[in-house]
$ cat protein-v7.cif   # mmCIF, C-alpha atoms
data_target
loop_
_atom_site.group_PDB
_atom_site.id
_atom_site.type_symbol
_atom_site.label_atom_id
_atom_site.label_comp_id
_atom_site.auth_asym_id
_atom_site.auth_seq_id
_atom_site.Cartn_x
_atom_site.Cartn_y
_atom_site.Cartn_z
ATOM 1 C CA MET P 648 185.343 175.452 117.246
ATOM 2 C CA LYS P 649 185.908 177.156 113.923
ATOM 3 C CA ARG P 650 185.686 175.325 110.636
ATOM 4 C CA GLU P 651 188.912 173.884 109.272
ATOM 5 C CA ASN P 652 190.113 173.920 105.664
ATOM 6 C CA TYR P 653 188.648 177.346 104.894
ATOM 7 C CA LEU P 654 190.216 179.416 102.095
ATOM 8 C CA MET P 655 193.327 181.399 102.917
ATOM 9 C CA TRP P 656 193.477 184.964 101.554
ATOM 10 C CA ASP P 657 195.739 184.073 98.608
ATOM 11 C CA GLU P 658 193.477 181.146 97.665
ATOM 12 C CA TYR P 659 190.396 183.346 97.897
ATOM 13 C CA PHE P 660 191.716 186.249 95.799
ATOM 14 C CA MET P 661 193.439 184.084 93.178
ATOM 15 C CA GLY P 662 190.239 182.032 92.978
ATOM 16 C CA ILE P 663 188.320 185.218 92.238
ATOM 17 C CA ALA P 664 190.882 186.219 89.577
ATOM 18 C CA LEU P 665 190.570 182.761 87.986
ATOM 19 C CA PHE P 666 186.770 182.961 88.121
ATOM 20 C CA THR P 667 186.843 186.475 86.607
ATOM 21 C CA ALA P 668 188.988 185.169 83.728
ATOM 22 C CA GLY P 669 185.940 183.113 82.759
ATOM 23 C CA ARG P 670 184.305 186.335 81.461
ATOM 24 C CA SER P 671 186.944 186.665 78.725
ATOM 25 C CA LYS P 672 185.817 185.789 75.218
ATOM 26 C CA ASP P 673 189.360 185.308 73.945
ATOM 27 C CA PRO P 674 189.515 181.801 72.425
ATOM 28 C CA ASN P 675 193.188 181.328 73.412
ATOM 29 C CA THR P 676 194.032 183.211 76.587
ATOM 30 C CA ASN P 677 191.661 184.012 79.454
ATOM 31 C CA VAL P 678 193.151 186.335 82.051
ATOM 32 C CA GLY P 679 191.619 187.670 85.256
ATOM 33 C CA ALA P 680 192.796 190.254 87.772
ATOM 34 C CA CYS P 681 191.687 191.130 91.295
ATOM 35 C CA ILE P 682 192.964 194.266 93.065
ATOM 36 C CA VAL P 683 192.891 194.059 96.862
ATOM 37 C CA SER P 684 193.498 196.654 99.572
ATOM 38 C CA ASP P 685 196.037 196.181 102.332
ATOM 39 C CA GLU P 686 193.004 195.335 104.526
ATOM 40 C CA ASN P 687 192.052 192.405 102.236
ATOM 41 C CA LYS P 688 189.062 194.154 100.654
ATOM 42 C CA ILE P 689 188.400 193.663 96.956
ATOM 43 C CA LEU P 690 188.743 197.002 95.172
ATOM 44 C CA SER P 691 188.316 196.034 91.521
ATOM 45 C CA LEU P 692 188.204 193.176 89.023
ATOM 46 C CA GLY P 693 189.114 192.900 85.358
ATOM 47 C CA TYR P 694 189.495 190.424 82.516
ATOM 48 C CA ASN P 695 190.966 190.639 79.026
ATOM 49 C CA GLY P 696 188.480 191.823 76.450
ATOM 50 C CA MET P 697 187.448 194.484 73.994
ATOM 51 C CA PRO P 698 186.889 198.047 75.231
ATOM 52 C CA ILE P 699 183.328 199.040 76.128
ATOM 53 C CA GLY P 700 181.403 199.799 72.953
ATOM 54 C CA CYS P 701 183.645 197.676 70.733
ATOM 55 C CA SER P 702 181.715 194.550 69.821
ATOM 56 C CA ASP P 703 183.345 191.208 70.580
ATOM 57 C CA ASP P 704 181.891 190.041 67.270
ATOM 58 C CA GLU P 705 183.263 192.891 65.121
ATOM 59 C CA TYR P 706 186.904 192.764 66.172
ATOM 60 C CA PRO P 707 189.396 189.972 65.488
ATOM 61 C CA TRP P 708 190.533 187.395 68.051
ATOM 62 C CA GLU P 709 193.321 186.042 65.817
ATOM 63 C CA ARG P 710 196.894 185.857 67.094
ATOM 64 C CA GLU P 711 198.636 185.957 63.722
ATOM 65 C CA GLY P 712 198.441 188.331 60.777
ATOM 66 C CA THR P 713 198.909 192.058 60.365
ATOM 67 C CA MET P 714 198.517 194.150 63.517
ATOM 68 C CA LEU P 715 195.041 195.384 62.541
ATOM 69 C CA ASP P 716 193.896 191.835 61.804
ATOM 70 C CA THR P 717 194.851 190.495 65.269
ATOM 71 C CA LYS P 718 193.502 190.989 68.771
ATOM 72 C CA TYR P 719 196.673 192.774 69.910
ATOM 73 C CA ALA P 720 195.638 196.165 68.559
ATOM 74 C CA TYR P 721 192.298 196.097 70.372
ATOM 75 C CA VAL P 722 192.136 193.949 73.517
ATOM 76 C CA CYS P 723 192.390 195.597 76.921
ATOM 77 C CA HIS P 724 194.359 193.415 79.350
ATOM 78 C CA ALA P 725 192.842 192.200 82.619
ATOM 79 C CA GLU P 726 195.176 194.293 84.798
ATOM 80 C CA MET P 727 194.425 197.450 82.829
ATOM 81 C CA ASN P 728 190.689 196.735 83.001
ATOM 82 C CA ALA P 729 190.880 196.238 86.769
ATOM 83 C CA ILE P 730 192.747 199.535 87.157
ATOM 84 C CA LEU P 731 190.359 201.414 84.847
ATOM 85 C CA ASN P 732 187.281 199.825 86.460
ATOM 86 C CA TYR P 733 188.246 201.136 89.897
ATOM 87 C CA CYS P 734 186.025 204.071 90.880
ATOM 88 C CA GLY P 735 187.398 204.716 94.371
ATOM 89 C CA GLY P 736 190.334 206.810 95.524
ATOM 90 C CA SER P 737 193.929 205.692 95.470
ATOM 91 C CA LEU P 738 195.231 202.198 94.721
ATOM 92 C CA LYS P 739 198.444 203.008 96.596
ATOM 93 C CA ASN P 740 199.816 200.062 98.600
ATOM 94 C CA SER P 741 197.245 197.640 97.187
ATOM 95 C CA LYS P 742 198.090 194.284 95.624
ATOM 96 C CA ILE P 743 196.941 192.670 92.419
ATOM 97 C CA TYR P 744 196.268 188.986 91.853
ATOM 98 C CA VAL P 745 196.622 188.058 88.163
ATOM 99 C CA THR P 746 196.279 184.761 86.378
ATOM 100 C CA LEU P 747 199.090 185.656 83.939
ATOM 101 C CA PHE P 748 202.253 187.638 84.683
ATOM 102 C CA PRO P 749 201.698 191.255 83.544
ATOM 103 C CA CYS P 750 203.160 192.540 80.292
ATOM 104 C CA ASN P 751 205.384 195.632 80.224
ATOM 105 C CA GLU P 752 202.455 197.962 79.428
ATOM 106 C CA CYS P 753 200.382 196.705 82.358
ATOM 107 C CA ALA P 754 203.489 196.828 84.564
ATOM 108 C CA LYS P 755 203.752 200.563 83.842
ATOM 109 C CA ALA P 756 200.128 201.122 84.898
ATOM 110 C CA ILE P 757 200.541 198.958 88.022
ATOM 111 C CA ILE P 758 203.610 200.957 89.058
ATOM 112 C CA GLN P 759 202.024 204.326 88.278
ATOM 113 C CA LYS P 760 198.945 203.519 90.396
ATOM 114 C CA GLY P 761 201.100 202.619 93.403
ATOM 115 C CA ILE P 762 200.182 198.931 93.517
ATOM 116 C CA LYS P 763 202.916 197.429 95.667
ATOM 117 C CA GLU P 764 202.545 193.676 95.157
ATOM 118 C CA VAL P 765 201.847 191.413 92.177
ATOM 119 C CA ILE P 766 200.808 187.817 92.822
ATOM 120 C CA TYR P 767 200.670 185.810 89.599
ATOM 121 C CA TYR P 768 199.452 182.318 88.715
ATOM 122 C CA SER P 769 201.270 181.648 85.432
ATOM 123 C CA ASP P 770 204.375 183.093 83.779
ATOM 124 C CA LYS P 771 204.023 181.418 80.394
ATOM 125 C CA TYR P 772 205.777 184.289 78.577
ATOM 126 C CA ASP P 773 208.845 184.182 80.838
ATOM 127 C CA GLY P 774 211.928 185.343 78.967
ATOM 128 C CA THR P 775 210.153 187.369 76.275
ATOM 129 C CA PRO P 776 211.246 191.018 75.886
ATOM 130 C CA GLU P 777 207.927 192.292 77.321
ATOM 131 C CA ASN P 778 208.238 189.972 80.310
ATOM 132 C CA ILE P 779 211.860 190.907 80.990
ATOM 133 C CA ALA P 780 210.973 194.629 80.762
ATOM 134 C CA ALA P 781 208.053 194.186 83.197
ATOM 135 C CA LYS P 782 210.253 192.362 85.713
ATOM 136 C CA ARG P 783 212.974 194.990 85.387
ATOM 137 C CA MET P 784 210.511 197.828 86.020
ATOM 138 C CA PHE P 785 208.911 196.043 88.994
ATOM 139 C CA THR P 786 212.360 195.582 90.538
ATOM 140 C CA SER P 787 213.347 199.235 89.963
ATOM 141 C CA ALA P 788 210.045 200.511 91.385
ATOM 142 C CA GLY P 789 210.183 198.258 94.442
ATOM 143 C CA VAL P 790 207.072 196.283 93.538
ATOM 144 C CA THR P 791 207.042 192.878 95.239
ATOM 145 C CA VAL P 792 206.380 190.051 92.781
ATOM 146 C CA ARG P 793 205.645 186.473 93.746
ATOM 147 C CA ARG P 794 204.250 183.358 92.149
ATOM 148 C CA TYR P 795 201.027 182.071 93.675
ATOM 149 C CA GLU P 796 201.620 178.900 95.661
ATOM 150 C CA LYS P 797 198.987 176.419 94.529
ATOM 151 C CA SER P 798 197.167 174.652 97.336
ATOM 152 C CA ASN P 799 195.486 172.127 95.021
ATOM 153 C CA LYS P 800 192.104 172.723 96.624
ATOM 154 C CA ILE P 801 189.204 172.131 94.279
ATOM 155 C CA ILE P 802 186.211 174.424 94.542
ATOM 156 C CA THR P 803 183.096 173.568 92.579
ATOM 157 C CA ILE P 804 180.532 176.238 91.830
ATOM 158 C CA GLU P 805 177.291 175.391 90.084
ATOM 159 C CA VAL P 806 175.976 178.271 87.987
#
$ encode --input "protein-v7.cif" --output "structure tokens"
Amino acid sequence: MKRENYLMWDEYFMGIALFTAGRSKDPNTNVGACIVSDENKILSLGYNGMPIGCSDDEYPWEREGTMLDTKYAYVCHAEMNAILNYCGGSLKNSKIYVTLFPCNECAKAIIQKGIKEVIYYSDKYDGTPENIAAKRMFTSAGVTVRRYEKSNKIITIEV
């Protein structure tokens, strides 16, 4: 008899996205992304952070101030990192699990790479212009978008 209460695919991949978010050094928002093939194989991971070669200690993490004095001019989003980290062939027909609904810029990259489904954990920026634009583009491009259904399972990992 097989074990009961094992992780379902959505739980597994969103768990990995949440775990990956733990690599972010952003003091306010930690985001993780996990791109998965249509055969449920992990293709790539990403989290929000500075580009390679740009020190996390040299660049600002502030949210307010002039553009050059905030993180917004420098940070690479988790979805973009996952896309750029992928070294295989096509991402066509894959899906992406993200801990935060993608912004309009990440939505463009998701659409351009042929990712067909977005599963998100939180939509805390719902209603902002960037969020509305992302949702509009996903709809136009035929990208399926759905909120992750929490199962309330608790997984403890000792590291």
$ atom_distance --input "protein-v7.cif" --atom1 "atom CA of P:Trp708" --atom2 "atom CA of P:Thr803"
29.1 Å
$ closest_residue --input "protein-v7.cif" --among "P:Glu796, P:Asp657, P:Glu651, P:Asp704" --to "P:Ile743" --atoms "all atoms listed in the file"
P:Asp657
$ resolve_selection --input "protein-v7.cif" --expression "the PyMOL selection byres ((chain P and resi 779) around 12)" --output "ChimeraX atom specification"
/P:748-752,754,770,772-778,780-786
$ closest_residue --input "protein-v7.cif" --among "P:Ser691, P:Ile758, P:Tyr767, P:Ser702" --to "P:Tyr733" --atoms "only C-alpha atoms"
P:Ser691
$ resolve_selection --input "protein-v7.cif" --expression "the PyMOL selection byres ((chain P and resi 724) around 9)" --output "PyMOL selection string"
chain P and resi 678-679+693-697+722-723+725-729+749-750+753
$ axis_aligned_box --input "protein-v7.cif" --around "stretch 744-760 of chain P" --padding-each-side "6 Å" --output "JSON"
{"center_x": 200.8, "center_y": 194.5, "center_z": 85.6, "size_x": 21.1, "size_y": 31.6, "size_z": 24.4}
$ residues_around --input "protein-v7.cif" --residues "P:Thr667" --least-positions-apart "2" --cutoff "9 Å" --atoms "only C-alpha atoms" --output "ChimeraX atom specification"
/P:662-665,669-671,677-681,692-694
$ atom_distance --input "protein-v7.cif" --atom1 "atom CA of P:Val792" --atom2 "atom CA of P:Val765"
4.8 Å
$ atom_distance --input "protein-v7.cif" --atom1 "atom CA of P:Pro707" --atom2 "atom CA of P:Pro674"
10.7 Å
$ residues_near_point --input "protein-v7.cif" --point "(195.6, 186.8, 70.1)" --cutoff "10 Å" --atoms "only C-alpha atoms" --output "VMD selection string"
chain P and resid 673 to 676 707 to 712 716 to 722
$ write_last_selection --input "protein-v7.cif" --atoms "C-alpha atoms" --output "mmCIF file, in the frame of the given file"
data_model
loop_
_atom_site.group_PDB
_atom_site.id
_atom_site.type_symbol
_atom_site.label_atom_id
_atom_site.label_comp_id
_atom_site.auth_asym_id
_atom_site.auth_seq_id
_atom_site.Cartn_x
_atom_site.Cartn_y
_atom_site.Cartn_z
ATOM 1 C CA ASP P 673 189.360 185.308 73.945
ATOM 2 C CA PRO P 674 189.515 181.801 72.425
ATOM 3 C CA ASN P 675 193.188 181.328 73.412
ATOM 4 C CA THR P 676 194.032 183.211 76.587
ATOM 5 C CA PRO P 707 189.396 189.972 65.488
ATOM 6 C CA TRP P 708 190.533 187.395 68.051
ATOM 7 C CA GLU P 709 193.321 186.042 65.817
ATOM 8 C CA ARG P 710 196.894 185.857 67.094
ATOM 9 C CA GLU P 711 198.636 185.957 63.722
ATOM 10 C CA GLY P 712 198.441 188.331 60.777
ATOM 11 C CA ASP P 716 193.896 191.835 61.804
ATOM 12 C CA THR P 717 194.851 190.495 65.269
ATOM 13 C CA LYS P 718 193.502 190.989 68.771
ATOM 14 C CA TYR P 719 196.673 192.774 69.910
ATOM 15 C CA ALA P 720 195.638 196.165 68.559
ATOM 16 C CA TYR P 721 192.298 196.097 70.372
ATOM 17 C CA VAL P 722 192.136 193.949 73.517
#
$ closest_residue --input "protein-v7.cif" --among "P:Ile682, P:Leu690, P:Lys672, P:Ile766" --to "P:Cys734" --atoms "only C-alpha atoms"
P:Leu690
$ closest_residue --input "protein-v7.cif" --among "P:Met661, P:Lys688, P:Leu731, P:Lys771" --to "P:Val745" --atoms "all atoms listed in the file"
P:Met661
$ resolve_selection --input "protein-v7.cif" --expression "the PyMOL selection byres ((chain P and resi 742) around 7)" --output "CSV table (one decimal) with C-alpha atoms, in the frame of the given file"
chain,number,residue,atom,x,y,z
P,682,ILE,CA,193.0,194.3,93.1
P,683,VAL,CA,192.9,194.1,96.9
P,684,SER,CA,193.5,196.7,99.6
P,740,ASN,CA,199.8,200.1,98.6
P,741,SER,CA,197.2,197.6,97.2
P,743,ILE,CA,196.9,192.7,92.4
P,744,TYR,CA,196.3,189.0,91.9
P,762,ILE,CA,200.2,198.9,93.5
P,763,LYS,CA,202.9,197.4,95.7
P,764,GLU,CA,202.5,193.7,95.2
P,765,VAL,CA,201.8,191.4,92.2
$ residues_near_point --input "protein-v7.cif" --point "(183.4, 171.9, 97.4)" --cutoff "12 Å" --atoms "all atoms listed in the file" --output "list of chain:residue names"
P:Asn652, P:Tyr653, P:Leu654, P:Lys800, P:Ile801, P:Ile802, P:Thr803, P:Ile804, P:Glu805
$ build_atoms --input "protein-v7.cif" --residues "stretch 751-775 of chain P" --atoms "N, CA, C and O atoms" --output "PDB file, keeping the file's coordinate frame"
ATOM      1  N   ASN P 751     204.709 194.375  79.908  1.00  0.00           N
ATOM      2  CA  ASN P 751     205.384 195.632  80.224  1.00  0.00           C
ATOM      3  C   ASN P 751     204.423 196.819  80.272  1.00  0.00           C
ATOM      4  O   ASN P 751     204.594 197.719  81.104  1.00  0.00           O
ATOM      5  N   GLU P 752     203.404 196.838  79.423  1.00  0.00           N
ATOM      6  CA  GLU P 752     202.455 197.962  79.428  1.00  0.00           C
ATOM      7  C   GLU P 752     201.613 197.958  80.701  1.00  0.00           C
ATOM      8  O   GLU P 752     201.390 199.001  81.311  1.00  0.00           O
ATOM      9  N   CYS P 753     201.153 196.799  81.114  1.00  0.00           N
ATOM     10  CA  CYS P 753     200.382 196.705  82.358  1.00  0.00           C
ATOM     11  C   CYS P 753     201.274 196.970  83.564  1.00  0.00           C
ATOM     12  O   CYS P 753     200.838 197.562  84.555  1.00  0.00           O
ATOM     13  N   ALA P 754     202.549 196.558  83.478  1.00  0.00           N
ATOM     14  CA  ALA P 754     203.489 196.828  84.564  1.00  0.00           C
ATOM     15  C   ALA P 754     203.614 198.331  84.788  1.00  0.00           C
ATOM     16  O   ALA P 754     203.635 198.789  85.943  1.00  0.00           O
ATOM     17  N   LYS P 755     203.663 199.102  83.711  1.00  0.00           N
ATOM     18  CA  LYS P 755     203.752 200.563  83.842  1.00  0.00           C
ATOM     19  C   LYS P 755     202.549 201.109  84.602  1.00  0.00           C
ATOM     20  O   LYS P 755     202.692 201.941  85.501  1.00  0.00           O
ATOM     21  N   ALA P 756     201.355 200.645  84.246  1.00  0.00           N
ATOM     22  CA  ALA P 756     200.128 201.122  84.898  1.00  0.00           C
ATOM     23  C   ALA P 756     200.096 200.694  86.368  1.00  0.00           C
ATOM     24  O   ALA P 756     199.706 201.483  87.235  1.00  0.00           O
ATOM     25  N   ILE P 757     200.507 199.466  86.644  1.00  0.00           N
ATOM     26  CA  ILE P 757     200.541 198.958  88.022  1.00  0.00           C
ATOM     27  C   ILE P 757     201.466 199.837  88.869  1.00  0.00           C
ATOM     28  O   ILE P 757     201.111 200.267  89.974  1.00  0.00           O
ATOM     29  N   ILE P 758     202.634 200.122  88.350  1.00  0.00           N
ATOM     30  CA  ILE P 758     203.610 200.957  89.058  1.00  0.00           C
ATOM     31  C   ILE P 758     203.068 202.373  89.253  1.00  0.00           C
ATOM     32  O   ILE P 758     203.128 202.923  90.356  1.00  0.00           O
ATOM     33  N   GLN P 759     202.528 202.951  88.208  1.00  0.00           N
ATOM     34  CA  GLN P 759     202.024 204.326  88.278  1.00  0.00           C
ATOM     35  C   GLN P 759     200.893 204.479  89.289  1.00  0.00           C
ATOM     36  O   GLN P 759     200.752 205.518  89.914  1.00  0.00           O
ATOM     37  N   LYS P 760     200.070 203.454  89.449  1.00  0.00           N
ATOM     38  CA  LYS P 760     198.945 203.519  90.396  1.00  0.00           C
ATOM     39  C   LYS P 760     199.370 203.231  91.835  1.00  0.00           C
ATOM     40  O   LYS P 760     198.562 203.335  92.750  1.00  0.00           O
ATOM     41  N   GLY P 761     200.618 202.845  92.045  1.00  0.00           N
ATOM     42  CA  GLY P 761     201.100 202.619  93.403  1.00  0.00           C
ATOM     43  C   GLY P 761     200.796 201.239  93.958  1.00  0.00           C
ATOM     44  O   GLY P 761     200.920 201.013  95.169  1.00  0.00           O
ATOM     45  N   ILE P 762     200.409 200.310  93.080  1.00  0.00           N
ATOM     46  CA  ILE P 762     200.182 198.931  93.517  1.00  0.00           C
ATOM     47  C   ILE P 762     201.542 198.368  93.913  1.00  0.00           C
ATOM     48  O   ILE P 762     202.498 198.447  93.146  1.00  0.00           O
ATOM     49  N   LYS P 763     201.616 197.814  95.114  1.00  0.00           N
ATOM     50  CA  LYS P 763     202.916 197.429  95.667  1.00  0.00           C
ATOM     51  C   LYS P 763     203.243 195.946  95.587  1.00  0.00           C
ATOM     52  O   LYS P 763     204.367 195.547  95.854  1.00  0.00           O
ATOM     53  N   GLU P 764     202.259 195.108  95.232  1.00  0.00           N
ATOM     54  CA  GLU P 764     202.545 193.676  95.157  1.00  0.00           C
ATOM     55  C   GLU P 764     201.769 193.048  94.009  1.00  0.00           C
ATOM     56  O   GLU P 764     200.595 193.344  93.803  1.00  0.00           O
ATOM     57  N   VAL P 765     202.442 192.182  93.267  1.00  0.00           N
ATOM     58  CA  VAL P 765     201.847 191.413  92.177  1.00  0.00           C
ATOM     59  C   VAL P 765     201.971 189.945  92.537  1.00  0.00           C
ATOM     60  O   VAL P 765     203.076 189.453  92.776  1.00  0.00           O
ATOM     61  N   ILE P 766     200.831 189.256  92.587  1.00  0.00           N
ATOM     62  CA  ILE P 766     200.808 187.817  92.822  1.00  0.00           C
ATOM     63  C   ILE P 766     200.274 187.193  91.540  1.00  0.00           C
ATOM     64  O   ILE P 766     199.151 187.498  91.124  1.00  0.00           O
ATOM     65  N   TYR P 767     201.064 186.357  90.897  1.00  0.00           N
ATOM     66  CA  TYR P 767     200.670 185.810  89.599  1.00  0.00           C
ATOM     67  C   TYR P 767     200.561 184.288  89.653  1.00  0.00           C
ATOM     68  O   TYR P 767     201.226 183.627  90.437  1.00  0.00           O
ATOM     69  N   TYR P 768     199.715 183.755  88.774  1.00  0.00           N
ATOM     70  CA  TYR P 768     199.452 182.318  88.715  1.00  0.00           C
ATOM     71  C   TYR P 768     200.368 181.631  87.699  1.00  0.00           C
ATOM     72  O   TYR P 768     200.922 180.588  87.959  1.00  0.00           O
ATOM     73  N   SER P 769     200.488 182.237  86.524  1.00  0.00           N
ATOM     74  CA  SER P 769     201.270 181.648  85.432  1.00  0.00           C
ATOM     75  C   SER P 769     202.240 182.690  84.875  1.00  0.00           C
ATOM     76  O   SER P 769     201.940 183.879  84.857  1.00  0.00           O
ATOM     77  N   ASP P 770     203.385 182.220  84.410  1.00  0.00           N
ATOM     78  CA  ASP P 770     204.375 183.093  83.779  1.00  0.00           C
ATOM     79  C   ASP P 770     204.766 182.478  82.437  1.00  0.00           C
ATOM     80  O   ASP P 770     205.947 182.288  82.144  1.00  0.00           O
ATOM     81  N   LYS P 771     203.766 182.168  81.623  1.00  0.00           N
ATOM     82  CA  LYS P 771     204.023 181.418  80.394  1.00  0.00           C
ATOM     83  C   LYS P 771     204.853 182.190  79.363  1.00  0.00           C
ATOM     84  O   LYS P 771     205.394 181.594  78.458  1.00  0.00           O
ATOM     85  N   TYR P 772     204.970 183.503  79.512  1.00  0.00           N
ATOM     86  CA  TYR P 772     205.777 184.289  78.577  1.00  0.00           C
ATOM     87  C   TYR P 772     207.137 184.667  79.168  1.00  0.00           C
ATOM     88  O   TYR P 772     207.786 185.601  78.708  1.00  0.00           O
ATOM     89  N   ASP P 773     207.564 183.934  80.192  1.00  0.00           N
ATOM     90  CA  ASP P 773     208.845 184.182  80.838  1.00  0.00           C
ATOM     91  C   ASP P 773     209.958 184.212  79.799  1.00  0.00           C
ATOM     92  O   ASP P 773     210.034 183.339  78.941  1.00  0.00           O
ATOM     93  N   GLY P 774     210.792 185.242  79.877  1.00  0.00           N
ATOM     94  CA  GLY P 774     211.928 185.343  78.967  1.00  0.00           C
ATOM     95  C   GLY P 774     211.679 186.157  77.721  1.00  0.00           C
ATOM     96  O   GLY P 774     212.630 186.468  76.991  1.00  0.00           O
ATOM     97  N   THR P 775     210.424 186.517  77.438  1.00  0.00           N
ATOM     98  CA  THR P 775     210.153 187.369  76.275  1.00  0.00           C
ATOM     99  C   THR P 775     210.576 188.803  76.612  1.00  0.00           C
ATOM    100  O   THR P 775     210.662 189.178  77.787  1.00  0.00           O
TER     101      THR P 775
END
